[in-house]
Amino acid sequence: MRGSVAIAGIGESESWDVAGTGLTALDLIGQATAAALEDAGLRLDEVDGLFSASAYYGMPGLNVGEYLGIRPRYSDSTNLGGASFVSHLQHAAAAIDAGLCDVALIAYGSTQRADGGRLKSVAESFPVEAPYRPRYPISQFALAAARHMHEFGTTREQLAEVAVAAREWARLDRNARAFAREPLTVDDVLGSRMISTPLTARDACLVTDGAGALLVTGAERAASLRRPPALLLGGGEAHWHRNISQMPDLVRTAATESSAHAYARAGVKPEEVDAVEVYDAFTICTILFLEDLGLCAKGEGGAFVSGGRIAPGGELPVNTNGGGLSYCHPGMYGIFVLAEAARRIREGDDVVLAHGNGAVLSAQSTVILGSAATA
Amino acid sequence: MDAPTPLHFQRCGACGTLLGYPRVLCPACGGRDLEWERSAGRGTVYSATVVHSREGSHGVLLVDLDEGVRVMGEGEAPIGAVVTAREEDGLLRFAA
């Protein structure tokens with residue numbers, strides 16, 4: 001229901017690089033959860049709903065519940081890859097609205113960097129693609145990027161502009177926690193190591209460790225807690241394929257459907273959005289999602305992201321913490337689009353859109369958060 | 001379930017859909033009447049990438065076969081190019 005629940009607590013792990021510390025993904029979830037509880041002014045024993053997805057734990061609700069001492073009366077380990085957490089928020093809202101839980105914890109953590117940097121993934125081998133050795137997942141996104149360039153004249157420079165804008169956000173004093181803050185130019189991106197044409201190492205997200213935790217509760221209760229609530233105005237989720245060869249159109253994602261539901265349920269139009277947080281696993285993602293979220297016309301994403309228009313001081317703030325390209329990317333980034341969107345609401349934005357992507361442009365999940373003034 | 005060859009696809013007897021990979025029902029209509037059909041192997045490149053690694057580089061294509069199904073295959077060709085498949089070691093290799 002519109003505005004019935006809110007993100008009341010935000011927490012992140014203390015570091016994005018835990019090599020040599022012996023800390024596990026669960027330890028990092030513990031750090032993030034402690035921070036979120038402190039942030040909201042809630043106690044661990046008040047948490048009665050648990051939402052988690054993981055590449056480390058096959059039954060993450062059980063691992064996280066045991067580690068934190070939570071005995072949830074509502075538990076949901078939906079795994080839609082990186083889109084999971086944006087879906088968890090929507091599922092938590094449904095559970096809270098139905099009276100099935102009162103305080104939901106959404107938690108995710110990974111030690112991908114400390115583990116050697118290889119993407120830990122639950123992705124299975126797909127027999128009609130695997131023999132051709134696409135490098136999962138970058139080649140799948142590269143195929144979408146190549147098709148976007150072919151259909152719309154999008155250039156590698158425009159892709160690079162996405163990474164440069166993200167870095168400029170990460171370099172702001174506000175984002176001192178961002179993992180990558182050294183200057184980055186379009187030439188740096190173009191000249192970096194080619195991995196799967198047209199995408200280079202700098203078109204790809206970071207490899208970090210880390211965790212995020214969010215506390216979600218009813219709007220009334222959230223209003224009595226420490227921080228301004230970030231209300232869930234509306235959301236939507238959609239998926240049309242799992243494997244890239246089965247994606248009907250590589251330049252039109254199911255974000256068109258997830259966002260249409262989100263806008264309708266929130267009663268918000270794209271032009272009313274103050275800031276946008278999208279899962280930027282690769283530079284092409286930001287371009288595709290800005291189009292599919294209705295923030296620019298199909299095919300115009302490349303021009304839209306150029307000339308600093310999504311960078312600090314530009315027309316539309318996009319990925320205002322630096323995103324997966326510069327802030328952090330511990331295996332999956334989806335929980336952090338929510339954390340950043342809620343922070344923007346606390347800092348004065350009225351309407352912020354957060355969008356998660358799962359697998360290879362497969363799962364799409366959109367939410368629109370609002371301030372108390374919008375509810 | 002495996003296809004007899006990489007160029008064999010199932011066609012749904014109920015709705016005519018050609019399936020992207022072997023199944024026991026048609027994902028378009030739920031039909032169970034599926035018949036194998038062999039593609040002539042001609043198609044158009046839908047998208048293309050070249051994967052670079054320490055071992056060298058190799059091309060990966062998505063090809064829209066003329067019969068109306070999209071497949072992944074090996075090869076290097078520009079988007080829009082008309083290509084023909086060869087089957088080698090059970091794999092599809094595409095060339096102009």
# chains A, B, ... in the order shown; residues from 1 in each chain; ligands from 1
$ closest_atom_pairs --of "chain A" --to "chain B" --cutoff "6 Å" --atoms "only C-alpha atoms" --output "tab-separated table"
residue	atom	partner	partner_atom	distance
A:Glu129	CA	B:Met72	CA	5.9
A:Tyr132	CA	B:Glu74	CA	5.8
A:Leu143	CA	B:Ser47	CA	5.6
A:Arg147	CA	B:Ser47	CA	5.5
A:Ile195	CA	B:His52	CA	5.1
A:Ser196	CA	B:Val51	CA	4.3
A:Thr197	CA	B:Thr49	CA	5.1
$ write_last_selection --atoms "C-alpha atoms" --output "PDB file, in the first residue's frame"
ATOM      1  CA  GLU A 129      25.642 -21.143 -24.259  1.00  0.00           C
ATOM      2  CA  TYR A 132      30.985 -20.803 -26.595  1.00  0.00           C
ATOM      3  CA  LEU A 143      26.309  -8.252 -26.224  1.00  0.00           C
ATOM      4  CA  ARG A 147      23.477  -4.128 -29.932  1.00  0.00           C
ATOM      5  CA  ILE A 195      37.643  -7.731 -21.508  1.00  0.00           C
ATOM      6  CA  SER A 196      34.700  -8.399 -23.822  1.00  0.00           C
ATOM      7  CA  THR A 197      34.157  -5.919 -26.639  1.00  0.00           C
TER       8      THR A 197
END
$ select_by_dssp --residues "stretch 238-311 of chain A" --states "strand (DSSP E or B)" --output "list in words"
Ala238, His239, Ala275, Val276, Glu277, Val278 and Phe282 of chain A
$ write_last_selection --atoms "C-alpha atoms" --output "mmCIF file, in the first residue's frame"
data_model
loop_
_atom_site.group_PDB
_atom_site.id
_atom_site.type_symbol
_atom_site.label_atom_id
_atom_site.label_comp_id
_atom_site.auth_asym_id
_atom_site.auth_seq_id
_atom_site.Cartn_x
_atom_site.Cartn_y
_atom_site.Cartn_z
ATOM 1 C CA ALA A 238 9.453 -8.319 -13.570
ATOM 2 C CA HIS A 239 11.578 -10.957 -15.269
ATOM 3 C CA ALA A 275 17.358 11.340 -8.023
ATOM 4 C CA VAL A 276 17.905 7.854 -9.412
ATOM 5 C CA GLU A 277 19.925 4.961 -8.006
ATOM 6 C CA VAL A 278 20.343 2.115 -10.497
ATOM 7 C CA PHE A 282 28.432 -2.297 -16.229
#
$ closest_residue --among "A:Val162, A:Ile335, A:Phe179, A:Pro198" --to "A:Leu290" --atoms "only C-alpha atoms"
A:Val162
$ closest_residue --among "A:Gly191, A:Pro270, A:Pro183, A:Gly49" --to "A:Ala165" --atoms "only C-alpha atoms"
A:Pro183
$ residues_around --residues "A:Glu182" --least-positions-apart "6" --cutoff "9 Å" --atoms "only C-alpha atoms" --output "list in words"
Arg167, Ala170 and Arg171 of chain A
$ atom_distance --atom1 "atom CA of B:Arg32" --atom2 "atom CA of B:Asp66"
24.0 Å
